[in-house]
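Trainee: Sharing target23.cif below, mmCIF, C-alpha atoms:
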data_protein
loop_
_atom_site.group_PDB
_atom_site.id
_atom_site.type_symbol
_atom_site.label_atom_id
_atom_site.label_comp_id
_atom_site.auth_asym_id
_atom_site.auth_seq_id
_atom_site.Cartn_x
_atom_site.Cartn_y
_atom_site.Cartn_z
ATOM 1 C CA MET S 1 9.136 5.136 33.521
ATOM 2 C CA LYS S 2 8.354 4.860 29.819
ATOM 3 C CA LYS S 3 6.007 7.332 28.200
ATOM 4 C CA LYS S 4 2.682 5.770 27.190
ATOM 5 C CA ILE S 5 1.753 6.213 23.524
ATOM 6 C CA SER S 6 -1.615 5.177 22.090
ATOM 7 C CA ILE S 7 -1.705 4.505 18.352
ATOM 8 C CA ILE S 8 -5.232 4.752 16.971
ATOM 9 C CA GLY S 9 -5.659 2.818 13.744
ATOM 10 C CA GLY S 10 -2.481 1.023 14.709
ATOM 11 C CA THR S 11 -2.957 -2.430 13.154
ATOM 12 C CA GLY S 12 -1.906 -1.298 9.673
ATOM 13 C CA LEU S 13 1.564 -1.102 8.163
ATOM 14 C CA ILE S 14 2.788 2.113 9.795
ATOM 15 C CA GLY S 15 1.356 1.079 13.154
ATOM 16 C CA SER S 16 3.182 -2.239 12.939
ATOM 17 C CA ILE S 17 6.450 -0.487 12.063
ATOM 18 C CA LEU S 18 6.062 1.888 15.007
ATOM 19 C CA GLU S 19 5.025 -0.814 17.455
ATOM 20 C CA GLU S 20 8.129 -2.832 16.656
ATOM 21 C CA GLY S 21 10.499 0.091 16.312
ATOM 22 C CA LEU S 22 9.445 2.089 19.381
ATOM 23 C CA ASN S 23 8.436 -0.690 21.760
ATOM 24 C CA ASN S 24 11.706 -0.554 23.690
ATOM 25 C CA LYS S 25 11.442 3.200 24.194
ATOM 26 C CA TYR S 26 7.736 3.678 24.909
ATOM 27 C CA GLU S 27 4.789 1.730 26.268
ATOM 28 C CA ILE S 28 2.815 1.245 23.054
ATOM 29 C CA ILE S 29 -0.962 0.750 23.082
ATOM 30 C CA ILE S 30 -2.688 -0.191 19.814
ATOM 31 C CA LEU S 31 -6.338 0.795 19.320
ATOM 32 C CA ASP S 32 -8.269 -0.250 16.234
ATOM 33 C CA LYS S 33 -11.629 -1.579 15.091
ATOM 34 C CA LYS S 34 -10.225 -5.092 14.735
ATOM 35 C CA VAL S 35 -7.359 -6.234 16.945
ATOM 36 C CA ASP S 36 -5.755 -9.504 18.022
ATOM 37 C CA ASN S 37 -5.561 -10.847 21.572
ATOM 38 C CA HIS S 38 -2.366 -9.003 22.477
ATOM 39 C CA GLN S 39 -2.657 -7.471 25.941
ATOM 40 C CA ASN S 40 -1.770 -3.995 24.664
ATOM 41 C CA HIS S 41 -4.282 -4.111 21.795
ATOM 42 C CA ILE S 42 -7.707 -2.566 22.422
ATOM 43 C CA GLU S 43 -10.777 -2.735 20.186
ATOM 44 C CA VAL S 44 -12.341 0.660 19.573
ATOM 45 C CA ASP S 45 -14.665 2.386 17.123
ATOM 46 C CA ALA S 46 -13.020 5.754 16.589
ATOM 47 C CA THR S 47 -16.171 7.083 14.899
ATOM 48 C CA ASN S 48 -17.977 6.689 18.254
ATOM 49 C CA PHE S 49 -16.744 9.469 20.527
ATOM 50 C CA GLU S 50 -17.914 7.874 23.777
ATOM 51 C CA ASP S 51 -16.297 4.554 22.864
ATOM 52 C CA LEU S 52 -13.066 6.315 21.966
ATOM 53 C CA LEU S 53 -13.096 8.338 25.167
ATOM 54 C CA SER S 54 -13.611 5.244 27.318
ATOM 55 C CA LYS S 55 -11.038 3.048 25.552
ATOM 56 C CA ILE S 56 -8.021 5.362 25.443
ATOM 57 C CA PRO S 57 -5.865 4.339 28.444
ATOM 58 C CA ALA S 58 -5.375 6.760 31.300
ATOM 59 C CA ASN S 59 -2.205 8.826 31.608
ATOM 60 C CA CYS S 60 -1.226 8.691 27.943
ATOM 61 C CA ASP S 61 1.539 11.054 26.923
ATOM 62 C CA ALA S 62 0.569 11.183 23.239
ATOM 63 C CA LEU S 63 -1.959 9.936 20.706
ATOM 64 C CA ILE S 64 -0.944 8.970 17.173
ATOM 65 C CA ASN S 65 -3.735 9.064 14.601
ATOM 66 C CA LEU S 66 -3.133 6.526 11.827
ATOM 67 C CA LEU S 67 -6.787 5.956 10.881
ATOM 68 C CA ASN S 68 -7.375 4.998 7.259
ATOM 69 C CA VAL S 69 -10.117 3.616 5.046
ATOM 70 C CA ASN S 70 -10.143 2.675 1.366
ATOM 71 C CA THR S 71 -13.028 3.901 -0.783
ATOM 72 C CA LYS S 72 -13.787 4.337 -4.474
ATOM 73 C CA ASN S 73 -15.668 7.009 -6.436
ATOM 74 C CA ASP S 74 -15.687 9.316 -3.400
ATOM 75 C CA PHE S 75 -17.248 12.238 -5.237
ATOM 76 C CA LYS S 76 -19.815 10.167 -7.151
ATOM 77 C CA ASP S 77 -20.994 7.697 -4.531
ATOM 78 C CA LEU S 78 -22.473 9.445 -1.491
ATOM 79 C CA ALA S 79 -22.113 6.382 0.737
ATOM 80 C CA GLN S 80 -18.399 6.229 -0.069
ATOM 81 C CA PHE S 81 -18.101 9.987 0.470
ATOM 82 C CA TYR S 82 -19.635 9.694 3.940
ATOM 83 C CA LYS S 83 -17.459 6.693 4.775
ATOM 84 C CA LYS S 84 -14.286 8.554 3.853
ATOM 85 C CA THR S 85 -15.397 11.709 5.664
ATOM 86 C CA GLU S 86 -16.319 9.788 8.814
ATOM 87 C CA ILE S 87 -12.809 8.350 9.170
ATOM 88 C CA HIS S 88 -10.651 11.151 7.807
ATOM 89 C CA PHE S 89 -12.452 14.113 9.319
ATOM 90 C CA LEU S 90 -15.050 13.268 11.976
ATOM 91 C CA ALA S 91 -12.906 10.658 13.763
ATOM 92 C CA SER S 92 -9.894 12.986 13.540
ATOM 93 C CA PHE S 93 -11.883 15.646 15.355
ATOM 94 C CA TYR S 94 -12.962 13.105 17.979
ATOM 95 C CA ILE S 95 -9.316 12.185 18.627
ATOM 96 C CA PHE S 96 -8.370 15.835 19.133
ATOM 97 C CA ARG S 97 -11.342 16.315 21.484
ATOM 98 C CA ALA S 98 -10.509 13.121 23.389
ATOM 99 C CA ALA S 99 -6.938 14.331 23.892
ATOM 100 C CA ILE S 100 -8.220 17.608 25.320
ATOM 101 C CA GLU S 101 -10.787 16.003 27.626
ATOM 102 C CA LEU S 102 -8.342 13.364 28.875
ATOM 103 C CA GLY S 103 -5.524 15.831 29.378
ATOM 104 C CA ILE S 104 -3.245 14.234 26.770
ATOM 105 C CA PRO S 105 -0.811 16.939 25.642
ATOM 106 C CA LYS S 106 0.223 15.675 22.192
ATOM 107 C CA VAL S 107 -1.476 14.415 19.026
ATOM 108 C CA VAL S 108 0.661 13.264 16.118
ATOM 109 C CA TYR S 109 -1.503 13.226 13.018
ATOM 110 C CA ALA S 110 -0.528 11.047 10.053
ATOM 111 C CA SER S 111 -1.505 13.384 7.256
ATOM 112 C CA SER S 112 -0.545 12.734 3.642
ATOM 113 C CA ASN S 113 1.483 14.028 0.726
ATOM 114 C CA HIS S 114 -1.858 13.992 -1.113
ATOM 115 C CA VAL S 115 -2.687 17.280 0.595
ATOM 116 C CA THR S 116 -0.638 18.849 -2.211
ATOM 117 C CA ASP S 117 -0.875 16.171 -4.907
ATOM 118 C CA PHE S 118 -2.120 18.773 -7.402
ATOM 119 C CA TYR S 119 1.533 19.844 -7.639
ATOM 120 C CA GLU S 120 3.075 16.380 -7.949
ATOM 121 C CA LYS S 121 2.850 13.603 -10.523
ATOM 122 C CA ASP S 122 4.929 10.438 -10.644
ATOM 123 C CA GLY S 123 7.151 11.836 -7.906
ATOM 124 C CA ILE S 124 7.961 14.992 -9.880
ATOM 125 C CA SER S 125 7.159 18.449 -8.521
ATOM 126 C CA ALA S 126 5.371 20.778 -10.933
ATOM 127 C CA PHE S 127 7.347 23.693 -9.484
ATOM 128 C CA GLY S 128 10.759 22.524 -10.654
ATOM 129 C CA ARG S 129 11.743 22.630 -6.971
ATOM 130 C CA GLU S 130 10.720 20.771 -3.847
ATOM 131 C CA ILE S 131 7.174 21.380 -2.614
ATOM 132 C CA THR S 132 7.146 23.033 0.819
ATOM 133 C CA VAL S 133 4.566 23.388 3.574
ATOM 134 C CA ASN S 134 4.294 27.056 2.563
ATOM 135 C CA ASP S 135 2.858 26.188 -0.862
ATOM 136 C CA TYR S 136 -0.916 26.550 -0.935
ATOM 137 C CA PRO S 137 -2.324 23.034 -0.431
ATOM 138 C CA TYR S 138 -4.339 22.089 -3.499
ATOM 139 C CA SER S 139 -5.340 18.439 -3.784
ATOM 140 C CA ARG S 140 -6.817 16.281 -6.552
ATOM 141 C CA THR S 141 -8.639 13.984 -4.146
ATOM 142 C CA LEU S 142 -11.207 13.881 -1.342
ATOM 143 C CA TYR S 143 -8.590 12.057 0.723
ATOM 144 C CA GLY S 144 -6.119 14.934 0.485
ATOM 145 C CA THR S 145 -8.851 17.499 1.075
ATOM 146 C CA LEU S 146 -9.999 15.791 4.283
ATOM 147 C CA LYS S 147 -6.428 15.377 5.489
ATOM 148 C CA LEU S 148 -5.937 19.133 5.096
ATOM 149 C CA ALA S 149 -9.220 19.840 6.890
ATOM 150 C CA SER S 150 -8.064 17.721 9.837
ATOM 151 C CA GLU S 151 -4.716 19.509 9.877
ATOM 152 C CA ASN S 152 -6.591 22.796 10.148
ATOM 153 C CA ILE S 153 -8.880 21.554 12.925
ATOM 154 C CA GLY S 154 -5.720 20.609 14.818
ATOM 155 C CA HIS S 155 -4.375 24.123 14.280
ATOM 156 C CA ILE S 156 -7.539 25.693 15.728
ATOM 157 C CA LEU S 157 -7.584 23.445 18.786
ATOM 158 C CA ALA S 158 -3.853 23.708 19.455
ATOM 159 C CA TYR S 159 -4.088 27.490 19.631
ATOM 160 C CA GLU S 160 -7.246 27.735 21.743
ATOM 161 C CA LYS S 161 -5.839 29.128 24.991
ATOM 162 C CA GLU S 162 -7.759 26.752 27.254
ATOM 163 C CA ASN S 163 -6.350 23.647 25.519
ATOM 164 C CA ASN S 164 -3.010 22.232 26.621
ATOM 165 C CA LEU S 165 -2.462 20.590 23.257
ATOM 166 C CA SER S 166 0.397 20.192 20.805
ATOM 167 C CA VAL S 167 -0.374 18.962 17.285
ATOM 168 C CA ILE S 168 2.215 17.670 14.826
ATOM 169 C CA ASN S 169 1.078 16.890 11.269
ATOM 170 C CA LEU S 170 3.249 14.513 9.246
ATOM 171 C CA ARG S 171 2.508 14.505 5.516
ATOM 172 C CA ILE S 172 3.652 10.972 4.845
ATOM 173 C CA GLY S 173 5.236 9.955 1.549
ATOM 174 C CA SER S 174 5.291 6.319 0.352
ATOM 175 C CA VAL S 175 5.582 3.704 3.101
ATOM 176 C CA ARG S 176 5.791 0.201 1.600
ATOM 177 C CA ARG S 177 5.524 -3.218 3.160
ATOM 178 C CA ASP S 178 7.981 -4.695 0.655
ATOM 179 C CA GLU S 179 10.246 -1.730 0.046
ATOM 180 C CA VAL S 180 12.644 -3.515 -2.322
ATOM 181 C CA LYS S 181 9.945 -4.965 -4.551
ATOM 182 C CA ASP S 182 8.141 -1.641 -4.910
ATOM 183 C CA LEU S 183 11.344 0.301 -5.504
ATOM 184 C CA GLU S 184 12.171 -2.117 -8.315
ATOM 185 C CA THR S 185 8.696 -2.052 -9.884
ATOM 186 C CA ILE S 186 7.196 1.392 -9.137
ATOM 187 C CA PRO S 187 9.419 4.257 -10.376
ATOM 188 C CA ARG S 188 7.643 6.926 -8.281
ATOM 189 C CA THR S 189 8.563 5.133 -5.064
ATOM 190 C CA ASN S 190 12.274 5.801 -5.663
ATOM 191 C CA LYS S 191 11.531 9.499 -5.199
ATOM 192 C CA THR S 192 8.718 9.373 -2.619
ATOM 193 C CA LEU S 193 9.773 6.595 -0.218
ATOM 194 C CA LEU S 194 9.710 7.132 3.526
ATOM 195 C CA SER S 195 11.813 4.176 4.632
ATOM 196 C CA HIS S 196 10.870 2.108 7.662
ATOM 197 C CA LYS S 197 13.864 3.474 9.572
ATOM 198 C CA ASP S 198 12.781 7.028 8.813
ATOM 199 C CA VAL S 199 9.146 6.296 9.755
ATOM 200 C CA ILE S 200 10.337 5.300 13.223
ATOM 201 C CA GLN S 201 12.669 8.275 13.545
ATOM 202 C CA LEU S 202 10.140 10.862 12.333
ATOM 203 C CA PHE S 203 7.323 9.759 14.632
ATOM 204 C CA ASP S 204 9.724 9.494 17.559
ATOM 205 C CA LEU S 205 10.882 13.070 16.977
ATOM 206 C CA ALA S 206 7.263 14.235 16.690
ATOM 207 C CA ILE S 207 6.440 12.622 20.040
ATOM 208 C CA GLN S 208 9.439 14.288 21.677
ATOM 209 C CA SER S 209 8.866 17.708 20.110
ATOM 210 C CA THR S 210 7.899 20.686 22.285
ATOM 211 C CA ILE S 211 6.496 22.605 19.301
ATOM 212 C CA LYS S 212 2.912 23.804 19.759
ATOM 213 C CA PHE S 213 1.880 23.151 16.173
ATOM 214 C CA GLY S 214 3.810 22.079 13.100
ATOM 215 C CA THR S 215 3.368 20.486 9.691
ATOM 216 C CA TYR S 216 6.125 18.474 8.014
ATOM 217 C CA TYR S 217 6.633 16.261 4.969
ATOM 218 C CA GLY S 218 7.695 12.726 5.717
ATOM 219 C CA VAL S 219 10.036 11.548 2.978
ATOM 220 C CA SER S 220 13.508 10.040 3.045
ATOM 221 C CA ASN S 221 16.441 11.867 1.481
ATOM 222 C CA ASN S 222 15.871 10.284 -1.918
ATOM 223 C CA LYS S 223 17.405 11.623 -5.105
ATOM 224 C CA ASP S 224 14.927 14.064 -6.699
ATOM 225 C CA LYS S 225 12.386 13.788 -3.858
ATOM 226 C CA PRO S 226 9.399 16.064 -4.571
ATOM 227 C CA TRP S 227 8.890 17.490 -1.060
ATOM 228 C CA SER S 228 11.115 19.531 1.205
ATOM 229 C CA THR S 229 12.035 18.296 4.677
ATOM 230 C CA ASP S 230 13.997 21.428 5.571
ATOM 231 C CA ASN S 231 11.611 22.504 8.342
ATOM 232 C CA ALA S 232 11.496 18.930 9.711
ATOM 233 C CA THR S 233 15.280 19.017 9.991
ATOM 234 C CA ARG S 234 15.326 22.504 11.457
ATOM 235 C CA GLU S 235 12.444 22.140 13.943
ATOM 236 C CA LEU S 236 12.337 18.417 14.745
ATOM 237 C CA GLY S 237 15.922 17.360 14.097
ATOM 238 C CA PHE S 238 14.968 14.917 11.328
ATOM 239 C CA VAL S 239 17.926 13.594 9.322
ATOM 240 C CA SER S 240 17.115 10.731 6.983
ATOM 241 C CA LYS S 241 18.797 7.478 8.033
ATOM 242 C CA MET S 242 18.054 5.412 4.947
ATOM 243 C CA ASN S 243 16.891 6.578 1.524
ATOM 244 C CA SER S 244 15.592 4.552 -1.421
ATOM 245 C CA ALA S 245 19.026 3.966 -2.957
ATOM 246 C CA GLU S 246 20.368 2.748 0.395
ATOM 247 C CA VAL S 247 17.423 0.365 0.843
ATOM 248 C CA LEU S 248 18.268 -1.248 -2.506
ATOM 249 C CA GLU S 249 21.986 -1.256 -1.731
ATOM 250 C CA GLN S 250 21.395 -2.980 1.591
ATOM 251 C CA ALA S 251 19.173 -5.601 -0.048
ATOM 252 C CA GLU S 252 21.832 -6.274 -2.669
ATOM 253 C CA THR S 253 24.539 -6.609 0.004
ATOM 254 C CA GLU S 254 22.405 -9.042 1.989
ATOM 255 C CA MET S 255 21.760 -11.096 -1.130
ATOM 256 C CA ASP S 256 25.458 -11.176 -2.026
ATOM 257 C CA SER S 257 26.323 -12.389 1.472
ATOM 258 C CA PHE S 258 23.668 -15.091 1.294
ATOM 259 C CA ILE S 259 24.759 -16.588 -2.034
ATOM 260 C CA PRO S 260 28.139 -17.973 -0.804
ATOM 261 C CA TYR S 261 26.349 -19.552 2.170
ATOM 262 C CA TYR S 262 23.827 -21.171 -0.173
ATOM 263 C CA GLU S 263 26.595 -22.422 -2.477
ATOM 264 C CA ASP S 264 28.479 -23.835 0.518
ATOM 265 C CA LEU S 265 25.418 -25.818 1.545
ATOM 266 C CA GLU S 266 25.108 -27.188 -1.974
ATOM 267 C CA ASN S 267 28.786 -28.180 -1.994
ATOM 268 C CA GLN S 268 28.234 -30.144 1.188
ATOM 269 C CA ASN S 269 25.200 -31.831 -0.393
ATOM 270 C CA TRP S 270 23.014 -30.622 2.483
ATOM 271 C CA LEU S 271 20.278 -29.640 0.053
ATOM 272 C CA ASN S 272 20.305 -32.824 -2.018
#
Write out the structure in this file as structure tokens.
Mentor:
Amino acid sequence: MKKKISIIGGTGLIGSILEEGLNNKYEIIILDKKVDNHQNHIEVDATNFEDLLSKIPANCDALINLLNVNTKNDFKDLAQFYKKTEIHFLASFYIFRAAIELGIPKVVYASSNHVTDFYEKDGISAFGREITVNDYPYSRTLYGTLKLASENIGHILAYEKENNLSVINLRIGSVRRDEVKDLETIPRTNKTLLSHKDVIQLFDLAIQSTIKFGTYYGVSNNKDKPWSTDNATRELGFVSKMNSAEVLEQAETEMDSFIPYYEDLENQNWLN
């Protein structure tokens, strides 16, 4: 029988990648505020604890928290501050509490590289070495600050003796819908990319992990990447399957193989 995995905030990019990439291995349930009519998609307001508690399917083996919200002027506009805090801290706490009350043993939390973005600019580490999870987490943003706060709440709850809970924090790098386009137009992405293949692998390993609590950077093995994945390799078994250079190389190979086919069609006047 497949393990049942509920992805909260799962209609976005990472949720879509995981739903497609892990669907053959797990029973995937998507929960979000707006969903389509798919039978495994459930509408839920994660900022309402009772709604969340009643909508998470029974007998789940793990919850994945992918909740996100875009705001502006977080520190100047109180309404935007509350909106960001509600999603990236309050709802995170509700998901941890729901896991405990429902007897779900694992929460995988999609944290962010912005937890330590004070030390990184344009994909370059200020240390002259890769940033590790042991470096004190200073952030430039409310987003990164709230992500860290949620990581720490997970740490508290995971180590409360009465809770049968494992928490894995993944500090995600750059996940792009159009990887090739962004690699060609945004220089930072060449260093910070977490490829689609590595997204699937990293979350899969987090689900399988027996570690009580752990925090890991999610970045492919790109040249000059700013964050270390040494502990992810050591503790989770993460080995990058496709880095930024390989994404571009694969796209170029696919294009080269397509051109002769296109020319052959032209020669046969099929496109005239």
Trainee: Within 12 Å of (-8.3, 1.8, 21.3) (file coordinates; all atoms listed in the file), which protein or nucleic acid residues are there? I'd like them as number ranges by chain.
Mentor: S: 5-11, 28-35, 39-58, 60, 63-67, 95, 98
Trainee: From the list S:Ile17, S:Ile87, S:Leu170, S:Ala158, which residue is nearest S:Thr229 when using all atoms listed in the file?
Mentor: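 Among the listed residues, S:Leu170 lies closest to S:Thr229.
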Trainee: Between S:Ala251, S:Val239, S:Phe213, S:Glu19, which has the minimum distance to S:Glu160 (counting only C-alpha atoms)?
Mentor: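 Of all the options, S:Phe213 lies closest to S:Glu160.
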Trainee: I'd like to know which of S:Glu101, S:Phe75, S:Leu236, S:Lys197 is closest to S:Glu20, using all atoms listed in the file.
Mentor: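 Among S:Glu101, S:Phe75, S:Leu236, S:Lys197, it is S:Lys197 that comes nearest to S:Glu20.
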Trainee: Check the smallest atom-to-atom distance from each of S:Thr145, S:Asn70, S:Ser150, S:Asn59 to S:Leu90 using only C-alpha atoms, then report the winner.
Mentor: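 Of the candidates, the smallest distance to S:Leu90 is held by S:Ser150.
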Trainee: To one decimal place, how far is atom CA of S:Ile104 from atom CA of S:Ser166 in Å?
Mentor: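 Value for the atom CA of S:Ile104-atom CA of S:Ser166 distance: 9.2 Å.
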Trainee: Please compute the atom CA of S:Asp61-atom CA of S:Val133 distance, one decimal, in Å.
Mentor: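 Pair atom CA of S:Asp61 / atom CA of S:Val133 returns 26.6 Å.
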Trainee: Counting all atoms listed in the file, figure out which residue out of S:Ile168, S:Pro226, S:Glu27, S:Asn152 gets nearest to S:Ser125.
Mentor: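 Using all atoms listed in the file, the shortest distance to S:Ser125 belongs to S:Pro226.
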Trainee: Quick check on the file I pasted: which residues fall under the PyMOL selection byres ((chain S and resi 203) around 12)? Write them as a ChimeraX atom specification.
Mentor: /S:5,7,14-15,17-19,21-22,26,62-66,106-110,168-172,194,196-202,204-209,216-218,232,236-238
Trainee: Residues at most 10 Å from S:Val115, counting only C-alpha atoms, excluding those fewer than 6 positions away in the same chain, as a ChimeraX atom specification?
Mentor: /S:133,136-149,151,171-172
Trainee: Work out how far apart atom CA of S:Thr71 and atom CA of S:Asp182 are and give it in Å to one decimal.
Mentor: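 If I compute the distance from atom CA of S:Thr71 to atom CA of S:Asp182, I get 22.3 Å.
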Trainee: Tell me, as a list in words, which residues lie within 8 Å of S:Gly154, counting all atoms listed in the file; anything in the same chain fewer than 6 positions away does not count.
Mentor: Phe93, Phe96 and Val167 of chain S
Trainee: So, with only C-alpha atoms as the atoms that count, which of S:Ser92, S:Val180, S:Lys83, S:Lys76 lies closest to S:Glu252?
Mentor: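 Distance minimum relative to S:Glu252 lands on S:Val180.
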Trainee: For the file shown, report as an MDAnalysis selection string the outcome of the PyMOL selection byres ((chain S and resi 247) around 12) at residue level.
Mentor: chainID S and resid 176 178:184 189:190 193:198 220:222 241:246 248:254
Trainee: Once you count all atoms listed in the file, which residues end up no further than 12 Å from (-13.4, 0.3, -0.3) in the file's frame, shown as a count of residues only?
Mentor: 13
Trainee: Taking all atoms of stretch 162-180 of chain S that appear in the file, build a box with edges along x, y and z, extend it by 5 Å on every side, and state its centre and edge lengths in Å to one decimal, as lines of an AutoDock Vina configuration file.
Mentor:
center_x = 2.4
center_y = 11.0
center_z = 12.5
size_x = 30.4
size_y = 41.4
size_z = 39.6
